[in-house]
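Worksheet: one structure, shown below.
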Amino acid sequence: MADMEKLAEERKKRYLAAMNLEKPDRVPIRLNFSGEFITKVSGYSFQETYYDWEKNVDATRKMLDRLDLEMVVGAANLWWATLHDAVGAKYLRFAGRDLDEETMFQYVEEPYMLPEDYDDFIANPTEWIATTYLPRIHTDLAEPGSYRASAALIKGAFGLAQQFAAGGEATASYLRDYGVIPSIVGISKAPFDTLADTLRGLSGIMLDLYQRPEKVKEALEVLVPHNIFYGMATAQGDTDFPLFMPLHRGAYPFMKMEQWEQFYWPTLKQVIEGLWSYGKRTMFYAENIWTPYLEKIAELPEKSIIFHVDQTDMDKAFEVLGGRFCLSGNVPNSLLAFGTAEEVKDYVKRLLDKYARDGGFILDAGAVILDDAKEENIRALIEAGIEYGVY
Amino acid sequence: MSRELTFKNMPPGVCVPWEAKEKELGEIKGDAGLIREQWEKLDLFGYLYLWNWVQR
Amino acid sequence: MGRDELAEAIAGLDQGRVLALVEERLQGGSKPMEIIGSLQAGMARVGDLFEKGEFFLSELILCGEIMKESMAVLEPRLAEGEREYRGTVVIGTVKGDIHDLGKNIVVMLLKGAGYDVVDLGVDVAPEKFVETARETKSPLVAMSMLLTSAMGTMKECVRAVKESGLGAKVLIGGPIIDDKVMEFSGADYGSAIASDATKIAAQVFGAA
């Protein structure tokens, strides 16, 4: 369908122009929907899209039939519950298994990496993941070498390969059939978040900052090349679209400024600069509040990020980062959930009037859009973007 | 160090370094470059599998 | 009373010094309850500093760890019925949400302020909140959540407690709480700031 290809080209041009601080024909609209929102709109149950990858891919199509979107992340959910079951992954709970059928997946945070693991992790993290971490978080791997463990490794690897292939095909099909472009290609994390999220857990890492700061720093340094590599590998070499970097523990008020400057920032900066050296731009997805750190963030190379605003002070972000990086956000998620369509439209109008005038702006919600968002409010947001976003 | 490492100084993207495999293979009769290239491609998938459980 | 070194050591997050002082006071014949009083005074100071923006979550978590270690030494030495509380608070994350960081911080601050906290953990059903409030006769039930998508079940939890006829007040906490959420939920109190919990408790128990 040549029309769809043409439409996709236009959308891509618009998106790239905004990221390069130019004025496109109008403000691009990028909406970062959760799998749960997409599933709700599609009419499937949460359990269905978590467990059945075909339905997971189809859910996004069903949403695209209902909503006039220019870009999507991909298939509805990032994770396939069956793959988690195949290995006995402990840290996610899924609807229909250990949660009610219509409950969002949940992460069970524990210090899966122990303080005494630091040395092994630092010496060779990849080997440590294989020999220590996976047997700890995957119940089927509890006895390495056993029949169950061998079966789990085979099924886990095969499942992930299937998922990768199906994900790539899904994105291509959305472009082919709907002319929608991918809003992000590739994913990576701040080294501190890698260490804090799935490894040490929040309490663990926070105590480490006081009890073994040198080990934390060493581990963060070790992670830098891995996180750059992981980003480029998951992007499969793409440098047109931004890489998704969901930022967690660097938000205010997790750490005091000295800690942020010592532990969070230096290695995150290295990762972003490393990606940029390959021409890969990062979507600096700053959920919650980042106001105190704006001046430091301004040190990044011009255009190397899209600074995404959730509850960061928008005026301040515009003042400090505007003209240097493309900004995106910040329609409040609570407004999308509890507000009226009229309120959403007003908000979008004010937002665009104030911050999008000179280009370099992408319209989006503040945080990932969960299933509490009303569909009519999403429509209102899109309509307002099209109406008021024209240059 | 609490355990013996199989490999040291392993760069990102590597599960089992080609250099180690090459030694085990001994004399390579044909195109070593081809074997290496394909080895590394699949090895990368092993790496991504492992890190996929961490990077989320 | 002059300077309370132990309280100062807590507020200074000096882990080694706190544990040494606890030992020292026990050796010196102080009653465990008196020592706990000092720890609580230190905790209250930490709560204030957090509220003023001088302390961050990393410091609250460290403080909680120090308290936990100190209480592990003191609790076995408390005689039956010796502990005195300002009142009982029931707390848990609402059904559908297992994120308990915020809740754990509030538990720590409330315990530090001298309340007996009945922690129901995570994913707590409406009837469990009601049942526990009934058993403990607690005038304050606190509900925590992170996910906006758990809003529906939170509303059910609030309603269950309000309709139980127990007369307990309901406090909701979480980063997403604003006026719109308060209106939707029907709760008596709400805040996105952990340290507000002790102020609200003081209001409720002051009035009780």
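Lettering and numbering for the structure tokens are positional, with chains as A, B, ... in the shown order, residues counted from 1 in each chain, and ligands counted from 1 in the shown order.
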Exercise for the section: Write down, as a list in words, each residue of chain A that has any atom within 8 Å of an atom of chain C, counting only C-alpha atoms. Expected result: Leu99, Thr103, Met104, Gln106, Tyr107, Val108, Ser203, Met206, Leu207, Tyr210, Pro253, Phe254, Met255, Lys256, Ser334, Phe338, Leu370, Asp371 and Asp372 of chain A
Exercise for the section: Considering only C-alpha atoms, extract the chain A residues located within 8 Å of chain B and return them as a list in words. Expected result: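 Listed by rising number, the hits are Asp119, Asp120, Ala123, Asn124, Thr126, Glu127, Ile129, Ala130, Leu134, Ala157, Leu160, Ser188, Lys189, Thr194, Asp197, Thr198, Leu199, Pro225, His226, Phe229 and Tyr230 of chain A.
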Handout entry: Point-to-point distance from CA of Gly96 (chain A) to CA of Lys62 (chain A), Å rounded to tenths
Key =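 Pair CA of Gly96 (chain A) / CA of Lys62 (chain A) returns 21.7 Å.
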Exercise for the section: From a DSSP calculation on the backbone, collect every residue of chain B in alpha helix (DSSP H) and output the set as number ranges by chain. Expected result: B: 18-25, 32-52
Practice task
Determine, counting only C-alpha atoms, which protein, DNA and RNA residues have an atom within 8 Å of an atom of Ser34 (chain A); residues of the same chain fewer than 3 positions away are not included. Present the result as a ChimeraX atom specification.
Solution key: /A:37-38,76-77,368-371
Would you write out those residues with N, CA, C and O atoms, as an mmCIF file, in the first residue's frame?
data_model
loop_
_atom_site.group_PDB
_atom_site.id
_atom_site.type_symbol
_atom_site.label_atom_id
_atom_site.label_comp_id
_atom_site.auth_asym_id
_atom_site.auth_seq_id
_atom_site.Cartn_x
_atom_site.Cartn_y
_atom_site.Cartn_z
ATOM 1 N N PHE A 37 -3.392 -0.481 28.597
ATOM 2 C CA PHE A 37 -4.328 0.441 27.941
ATOM 3 C C PHE A 37 -4.727 -0.128 26.580
ATOM 4 O O PHE A 37 -5.897 -0.171 26.217
ATOM 5 N N ILE A 38 -3.716 -0.566 25.824
ATOM 6 C CA ILE A 38 -3.976 -1.099 24.484
ATOM 7 C C ILE A 38 -4.926 -2.290 24.577
ATOM 8 O O ILE A 38 -5.875 -2.423 23.803
ATOM 9 N N ALA A 76 1.270 -4.841 22.065
ATOM 10 C CA ALA A 76 0.745 -4.271 23.304
ATOM 11 C C ALA A 76 1.727 -4.416 24.476
ATOM 12 O O ALA A 76 2.271 -3.420 24.967
ATOM 13 N N ASN A 77 1.956 -5.639 24.933
ATOM 14 C CA ASN A 77 2.828 -5.839 26.097
ATOM 15 C C ASN A 77 4.263 -6.101 25.674
ATOM 16 O O ASN A 77 4.526 -6.718 24.650
ATOM 17 N N VAL A 368 3.842 6.768 31.274
ATOM 18 C CA VAL A 368 3.233 5.693 30.497
ATOM 19 C C VAL A 368 1.724 5.684 30.766
ATOM 20 O O VAL A 368 1.292 5.794 31.913
ATOM 21 N N ILE A 369 0.945 5.569 29.706
ATOM 22 C CA ILE A 369 -0.516 5.668 29.842
ATOM 23 C C ILE A 369 -1.085 4.307 30.245
ATOM 24 O O ILE A 369 -1.030 3.346 29.478
ATOM 25 N N LEU A 370 -1.597 4.246 31.457
ATOM 26 C CA LEU A 370 -2.135 2.985 31.981
ATOM 27 C C LEU A 370 -3.612 2.864 31.600
ATOM 28 O O LEU A 370 -4.195 3.765 30.996
ATOM 29 N N ASP A 371 -4.203 1.751 32.018
ATOM 30 C CA ASP A 371 -5.572 1.489 31.579
ATOM 31 C C ASP A 371 -6.611 2.351 32.276
ATOM 32 O O ASP A 371 -7.786 2.245 31.996
#
Handout entry: strand (DSSP E) residues, from DSSP on the backbone, in region 59-198 of chain A, as number ranges by chain
Key = A: 71-72, 92-93, 106-107, 181-182
Please write the residues from the selection above to a file, keeping C-alpha atoms, as an mmCIF file, in the first residue's frame.
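Generated output (part-v6.cif):
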data_model
loop_
_atom_site.group_PDB
_atom_site.id
_atom_site.type_symbol
_atom_site.label_atom_id
_atom_site.label_comp_id
_atom_site.auth_asym_id
_atom_site.auth_seq_id
_atom_site.Cartn_x
_atom_site.Cartn_y
_atom_site.Cartn_z
ATOM 1 C CA MET A 71 3.275 6.154 16.005
ATOM 2 C CA VAL A 72 3.273 3.175 18.329
ATOM 3 C CA LEU A 92 6.768 -10.773 37.499
ATOM 4 C CA ARG A 93 3.225 -11.559 38.503
ATOM 5 C CA GLN A 106 3.513 -6.434 38.821
ATOM 6 C CA TYR A 107 7.181 -6.564 39.585
ATOM 7 C CA ILE A 181 5.961 4.563 12.608
ATOM 8 C CA PRO A 182 7.755 3.174 15.662
#
Practice task
Skip region 161-164 of chain A itself and residues of its chain fewer than 6 positions away, then list as a list in words all residues within 10 Å of it, counting only C-alpha atoms.
Solution key: Trp53, Leu78, Trp79, Trp80, Leu83, Lys155, Ala170 and Thr234 of chain A; Phe45 and Tyr49 of chain B
Grab the residues selected above and save them as a PDB file, in the first residue's frame with C-alpha atoms.
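The new file part_30.pdb reads:
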ATOM      1  CA  TRP A  53       1.463 -13.331  21.598  1.00  0.00           C
ATOM      2  CA  LEU A  78       6.607  -5.908  26.273  1.00  0.00           C
ATOM      3  CA  TRP A  79       6.577  -9.242  28.040  1.00  0.00           C
ATOM      4  CA  TRP A  80       5.184 -12.635  27.199  1.00  0.00           C
ATOM      5  CA  LEU A  83       8.164 -17.231  28.427  1.00  0.00           C
ATOM      6  CA  LYS A 155      12.531 -23.097  26.023  1.00  0.00           C
ATOM      7  CA  ALA A 170       4.459  -6.672  14.131  1.00  0.00           C
ATOM      8  CA  THR A 234      18.222  -3.975  20.650  1.00  0.00           C
TER       9      THR A 234
ATOM     10  CA  PHE B  45      21.958 -13.891  20.922  1.00  0.00           C
ATOM     11  CA  TYR B  49      19.159 -13.710  26.285  1.00  0.00           C
TER      12      TYR B  49
END
Handout entry: Exercise: region 21-27 of chain B partners within 12 Å, only C-alpha atoms, chain neighbours under 6 positions left out, as a ChimeraX atom specification
Key = /B:7,15,33,35-36,39-40,43
Practice task
Could you check how far CA of Glu214 (chain A) sits from CA of Arg249 (chain A), in Å to one decimal?
Solution key: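 Computed distance, CA of Glu214 (chain A) to CA of Arg249 (chain A), equals 18.7 Å.
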Fewer than 4 positions away in the same chain doesn't count, so skip those; otherwise give me all residues within 7 Å of region 4-20 of chain A, counting only C-alpha atoms, as a short mmCIF file (atom, residue, chain, number, x, y, z; two decimals) with C-alpha atoms, in the first residue's frame.
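And here's out_29.cif as it stands now:
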data_model
loop_
_atom_site.label_atom_id
_atom_site.label_comp_id
_atom_site.auth_asym_id
_atom_site.auth_seq_id
_atom_site.Cartn_x
_atom_site.Cartn_y
_atom_site.Cartn_z
CA PRO A 24 7.67 20.40 11.23
CA ASP A 25 4.22 20.92 9.63
CA PRO A 28 4.15 15.25 16.36
CA GLU A 70 0.93 8.40 14.07
CA LEU A 175 3.70 0.52 9.25
CA ARG A 176 2.52 -1.36 6.18
CA ASP A 177 -1.17 -1.43 7.10
CA TYR A 178 -1.64 1.79 9.08
CA GLY A 179 1.29 3.98 8.13
CA VAL A 180 2.30 4.27 11.79
CA ILE A 181 5.96 4.56 12.61
CA LYS A 303 20.14 17.07 20.33
CA ILE A 306 14.62 14.12 23.84
CA CYS A 326 13.61 18.47 21.90
CA GLY A 359 9.42 23.73 17.24
CA GLY A 360 11.39 21.00 19.01
CA PHE A 361 8.35 19.70 20.83
CA ILE A 362 6.50 16.37 20.90
#
Exercise for the section: Could you check how far CA of Leu49 (chain C) sits from CA of Gly201 (chain A), in Å to one decimal? Expected result: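 Interatomic distance here is 24.3 Å.
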